[in-house]
Amino acid sequence: PRCSPQEEMVSRLGLVSGHDLAQTVRSEYPRWLNYVVYVMMEVAVIGADIQEVVGSAIALNLLTNGYVPVVAGCIITALDTFTFLAVQYLGVRYLEAFICVLIGTMAVCFFINWGQSNTDPVALATGWLLPTVPSYALMQAVSAIGAVIMPHNLYLHSGLVLSRKINRECKHKVYDAICYARIESAGALLFAFFINLAVVAVNSNKFYSSDCAVLEQGPFACMSVEAFTESKLEVGRDGMG
């Protein structure tokens with residue numbers, strides 16, 4: 001989740017009306033606008049997920065020391081999607097539990113890396129409370145914003161709340177459901193914030209250089225091709241170990 005006020009609204013829509021956002025758009029908007037919204041959401045999904053697919057493929061390539069090519073890693077990652085679809089047939093609760101296990105495992109790994117990265121806590125807190133964007137980091141900042149804004153999650157969230165059994169004839173039950181949905185969304189946002197904080201802290205501490213960042217090639221400007229290749233192999237060997 002990335003858009004708390006909007007998710008609050010779509011969760012209310014689902015809890016009160018019993019229809020998710022996609023069903024509401026289909027019933028309330030004209031046909032041509034439905035197609036426009038559909039195309040926009042598909043583009044948003046592709047833009048948000050392509051980095052995850054490529055990133056997973058690179059991770060598989062590093063962990064296998066180059067045995068799994070990046071292209072094959074992309075195919076494997078895409079096939080993983082069908083695993084989620086298969087779990088969904090067992091029920092939404094099983095799917096949510098499965099995703100929680102994956103996210104929890106990822107969070108533990110990132111927090112361990114964060115603890116081992118020797119990140120300066122004062123500098124981290126300063127950058128968090130007083131964020132600044134140098135001119136050479138503008139592209140990275142824009143890409144980071146684009147990476148975490150996921151408007152298609154609104155459709156997902158409005159659909160997930162429909163799995164809750166609610167007596168919509170009783171206003172108090174509906175109000176309670178809205179309150180619980182708000183707590184769930186806020187908790188997920190807070191947890192996601194700390195995961196993202198760990199990711200940024202680890203990467204900035206290990207792969208950032210103020211001298212190289214100002215150059216056109218970015219952080220790789222200070223590395224030769226041989227050094228970059230060797231560092232990639234070392235990461236792969238560490239992953240295998």
# chains A, B, ... in the order shown; residues from 1 in each chain; ligands from 1
$ residues_around --residues "region 88-90 of chain A" --least-positions-apart "6" --cutoff "12 Å" --atoms "only C-alpha atoms" --output "PyMOL selection string"
chain A and resi 81-82+96-99+160+163
$ write_last_selection --atoms "C-alpha atoms" --output "tab-separated table (two decimals), in the first residue's frame"
chain	number	residue	atom	x	y	z
A	81	THR	CA	2.80	-15.11	-10.56
A	82	PHE	CA	0.83	-18.27	-11.25
A	96	GLU	CA	-2.72	-13.11	2.59
A	97	ALA	CA	-0.85	-15.51	4.89
A	98	PHE	CA	1.44	-16.59	2.04
A	99	ILE	CA	2.25	-12.98	1.17
A	160	LEU	CA	-9.70	-7.49	-0.59
A	163	SER	CA	-13.66	-10.89	1.72
$ atom_distance --atom1 "CA of Asn203 (chain A)" --atom2 "CA of Ser143 (chain A)"
15.1 Å
$ residues_around --residues "Leu60 (chain A)" --least-positions-apart "3" --cutoff "10 Å" --atoms "only C-alpha atoms" --output "PyMOL selection string"
chain A and resi 54-57+63-70+72-74+76-77+236+239
$ write_last_selection --atoms "C-alpha atoms" --output "JSON list (two decimals), in the first residue's frame"
[["chain", "number", "residue", "atom", "x", "y", "z"],
["A", 54, "VAL", "CA", 14.16, -7.49, -13.63],
["A", 55, "GLY", "CA", 15.44, -7.10, -10.06],
["A", 56, "SER", "CA", 14.43, -10.66, -9.19],
["A", 57, "ALA", "CA", 16.11, -11.92, -12.35],
["A", 63, "LEU", "CA", 22.81, -16.02, -6.29],
["A", 64, "THR", "CA", 23.58, -18.71, -8.86],
["A", 65, "ASN", "CA", 26.89, -17.09, -9.83],
["A", 66, "GLY", "CA", 25.65, -16.46, -13.36],
["A", 67, "TYR", "CA", 24.23, -19.96, -13.88],
["A", 68, "VAL", "CA", 20.71, -18.56, -14.37],
["A", 69, "PRO", "CA", 20.76, -15.88, -17.11],
["A", 70, "VAL", "CA", 18.83, -12.68, -16.56],
["A", 72, "ALA", "CA", 15.66, -16.93, -17.77],
["A", 73, "GLY", "CA", 15.31, -15.22, -14.40],
["A", 74, "CYS", "CA", 12.65, -12.92, -15.84],
["A", 76, "ILE", "CA", 11.00, -17.72, -13.77],
["A", 77, "THR", "CA", 9.82, -14.62, -11.94],
["A", 236, "GLY", "CA", 27.33, -14.05, -6.31],
["A", 239, "GLY", "CA", 25.06, -15.42, -2.02]]
$ residues_around --residues "Glu184 (chain A)" --least-positions-apart "3" --cutoff "12 Å" --atoms "only C-alpha atoms" --output "PyMOL selection string"
chain A and resi 1+4+7-8+11+157+160-161+177-181+187-191
$ atom_distance --atom1 "CA of Gly127 (chain A)" --atom2 "CA of Ala144 (chain A)"
15.3 Å
$ residues_around --residues "region 149-154 of chain A" --least-positions-apart "2" --cutoff "12 Å" --atoms "only C-alpha atoms" --output "MDAnalysis selection string"
chainID A and resid 1:14 20:22 37:49 142:147 156:161 185
$ write_last_selection --atoms "C-alpha atoms" --output "PDB file, in the first residue's frame"
ATOM      1  CA  PRO A   1       0.000   0.000   0.000  1.00  0.00           C
ATOM      2  CA  ARG A   2       1.248   3.445  -0.870  1.00  0.00           C
ATOM      3  CA  CYS A   3      -1.746   5.829  -0.932  1.00  0.00           C
ATOM      4  CA  SER A   4      -3.335   5.878   2.515  1.00  0.00           C
ATOM      5  CA  PRO A   5      -6.113   8.512   2.017  1.00  0.00           C
ATOM      6  CA  GLN A   6      -7.123   6.989  -1.307  1.00  0.00           C
ATOM      7  CA  GLU A   7      -7.062   3.480   0.137  1.00  0.00           C
ATOM      8  CA  GLU A   8      -9.238   4.712   2.967  1.00  0.00           C
ATOM      9  CA  MET A   9     -11.804   5.878   0.423  1.00  0.00           C
ATOM     10  CA  VAL A  10     -11.788   2.727  -1.712  1.00  0.00           C
ATOM     11  CA  SER A  11     -11.971   0.505   1.365  1.00  0.00           C
ATOM     12  CA  ARG A  12     -15.034   2.443   2.482  1.00  0.00           C
ATOM     13  CA  LEU A  13     -16.474   2.019  -0.984  1.00  0.00           C
ATOM     14  CA  GLY A  14     -16.090  -1.736  -0.792  1.00  0.00           C
ATOM     15  CA  ASP A  20     -14.983  -3.023  -5.451  1.00  0.00           C
ATOM     16  CA  LEU A  21     -13.540  -0.090  -7.373  1.00  0.00           C
ATOM     17  CA  ALA A  22     -13.401  -1.937 -10.698  1.00  0.00           C
ATOM     18  CA  VAL A  37      -9.003   3.641 -17.211  1.00  0.00           C
ATOM     19  CA  TYR A  38      -8.154   0.024 -18.017  1.00  0.00           C
ATOM     20  CA  VAL A  39      -5.237   1.006 -20.258  1.00  0.00           C
ATOM     21  CA  MET A  40      -3.944   3.492 -17.686  1.00  0.00           C
ATOM     22  CA  MET A  41      -4.007   0.881 -14.926  1.00  0.00           C
ATOM     23  CA  GLU A  42      -2.286  -1.699 -17.126  1.00  0.00           C
ATOM     24  CA  VAL A  43       0.484   0.798 -17.865  1.00  0.00           C
ATOM     25  CA  ALA A  44       0.765   1.517 -14.135  1.00  0.00           C
ATOM     26  CA  VAL A  45       1.035  -2.200 -13.365  1.00  0.00           C
ATOM     27  CA  ILE A  46       3.748  -2.685 -15.982  1.00  0.00           C
ATOM     28  CA  GLY A  47       5.669   0.369 -14.788  1.00  0.00           C
ATOM     29  CA  ALA A  48       5.526  -0.775 -11.167  1.00  0.00           C
ATOM     30  CA  ASP A  49       6.270  -4.460 -11.745  1.00  0.00           C
ATOM     31  CA  VAL A 142      11.831  10.756  -9.537  1.00  0.00           C
ATOM     32  CA  SER A 143      12.366   7.062 -10.260  1.00  0.00           C
ATOM     33  CA  ALA A 144      12.020   6.251  -6.550  1.00  0.00           C
ATOM     34  CA  ILE A 145       8.717   8.109  -6.379  1.00  0.00           C
ATOM     35  CA  GLY A 146       7.476   6.317  -9.461  1.00  0.00           C
ATOM     36  CA  ALA A 147       8.537   2.996  -7.981  1.00  0.00           C
ATOM     37  CA  LEU A 156      -6.685  -4.564  -5.129  1.00  0.00           C
ATOM     38  CA  HIS A 157      -7.457  -3.056  -1.731  1.00  0.00           C
ATOM     39  CA  SER A 158     -11.095  -2.375  -2.565  1.00  0.00           C
ATOM     40  CA  GLY A 159     -11.431  -6.003  -3.629  1.00  0.00           C
ATOM     41  CA  LEU A 160      -9.699  -7.491  -0.588  1.00  0.00           C
ATOM     42  CA  VAL A 161     -12.063  -5.840   1.884  1.00  0.00           C
ATOM     43  CA  SER A 185      -3.858   0.023   6.120  1.00  0.00           C
TER      44      SER A 185
END
$ atom_distance --atom1 "CA of Val108 (chain A)" --atom2 "CA of Asn196 (chain A)"
12.5 Å
$ closest_residue --among "A:Ala59, A:Ala107, A:Val122, A:Ala137" --to "Phe193 (chain A)" --atoms "only C-alpha atoms"
A:Ala107
$ residues_around --residues "Leu95 (chain A)" --least-positions-apart "6" --cutoff "10 Å" --atoms "only C-alpha atoms" --output "ChimeraX atom specification"
/A:83-89,101
$ write_last_selection --atoms "N, CA and C atoms" --output "PDB file, in the first residue's frame"
ATOM      1  N   THR A  83       1.856 -18.927  -9.129  1.00  0.00           N
ATOM      2  CA  THR A  83       1.816 -19.497  -7.782  1.00  0.00           C
ATOM      3  C   THR A  83       0.821 -18.743  -6.917  1.00  0.00           C
ATOM      4  N   PHE A  84       0.844 -17.418  -7.028  1.00  0.00           N
ATOM      5  CA  PHE A  84      -0.105 -16.610  -6.264  1.00  0.00           C
ATOM      6  C   PHE A  84      -1.539 -16.881  -6.718  1.00  0.00           C
ATOM      7  N   LEU A  85      -1.724 -17.040  -8.018  1.00  0.00           N
ATOM      8  CA  LEU A  85      -3.063 -17.331  -8.519  1.00  0.00           C
ATOM      9  C   LEU A  85      -3.552 -18.684  -8.012  1.00  0.00           C
ATOM     10  N   ALA A  86      -2.638 -19.652  -7.930  1.00  0.00           N
ATOM     11  CA  ALA A  86      -3.023 -20.976  -7.435  1.00  0.00           C
ATOM     12  C   ALA A  86      -3.393 -20.918  -5.957  1.00  0.00           C
ATOM     13  N   VAL A  87      -2.614 -20.161  -5.175  1.00  0.00           N
ATOM     14  CA  VAL A  87      -2.913 -20.039  -3.746  1.00  0.00           C
ATOM     15  C   VAL A  87      -4.242 -19.323  -3.535  1.00  0.00           C
ATOM     16  N   GLN A  88      -4.556 -18.387  -4.415  1.00  0.00           N
ATOM     17  CA  GLN A  88      -5.801 -17.633  -4.266  1.00  0.00           C
ATOM     18  C   GLN A  88      -7.024 -18.534  -4.363  1.00  0.00           C
ATOM     19  N   TYR A  89      -6.912 -19.626  -5.117  1.00  0.00           N
ATOM     20  CA  TYR A  89      -8.043 -20.546  -5.229  1.00  0.00           C
ATOM     21  C   TYR A  89      -8.349 -21.220  -3.893  1.00  0.00           C
ATOM     22  N   VAL A 101       4.172 -14.191   4.860  1.00  0.00           N
ATOM     23  CA  VAL A 101       5.400 -14.970   5.079  1.00  0.00           C
ATOM     24  C   VAL A 101       6.521 -14.464   4.182  1.00  0.00           C
TER      25      VAL A 101
END
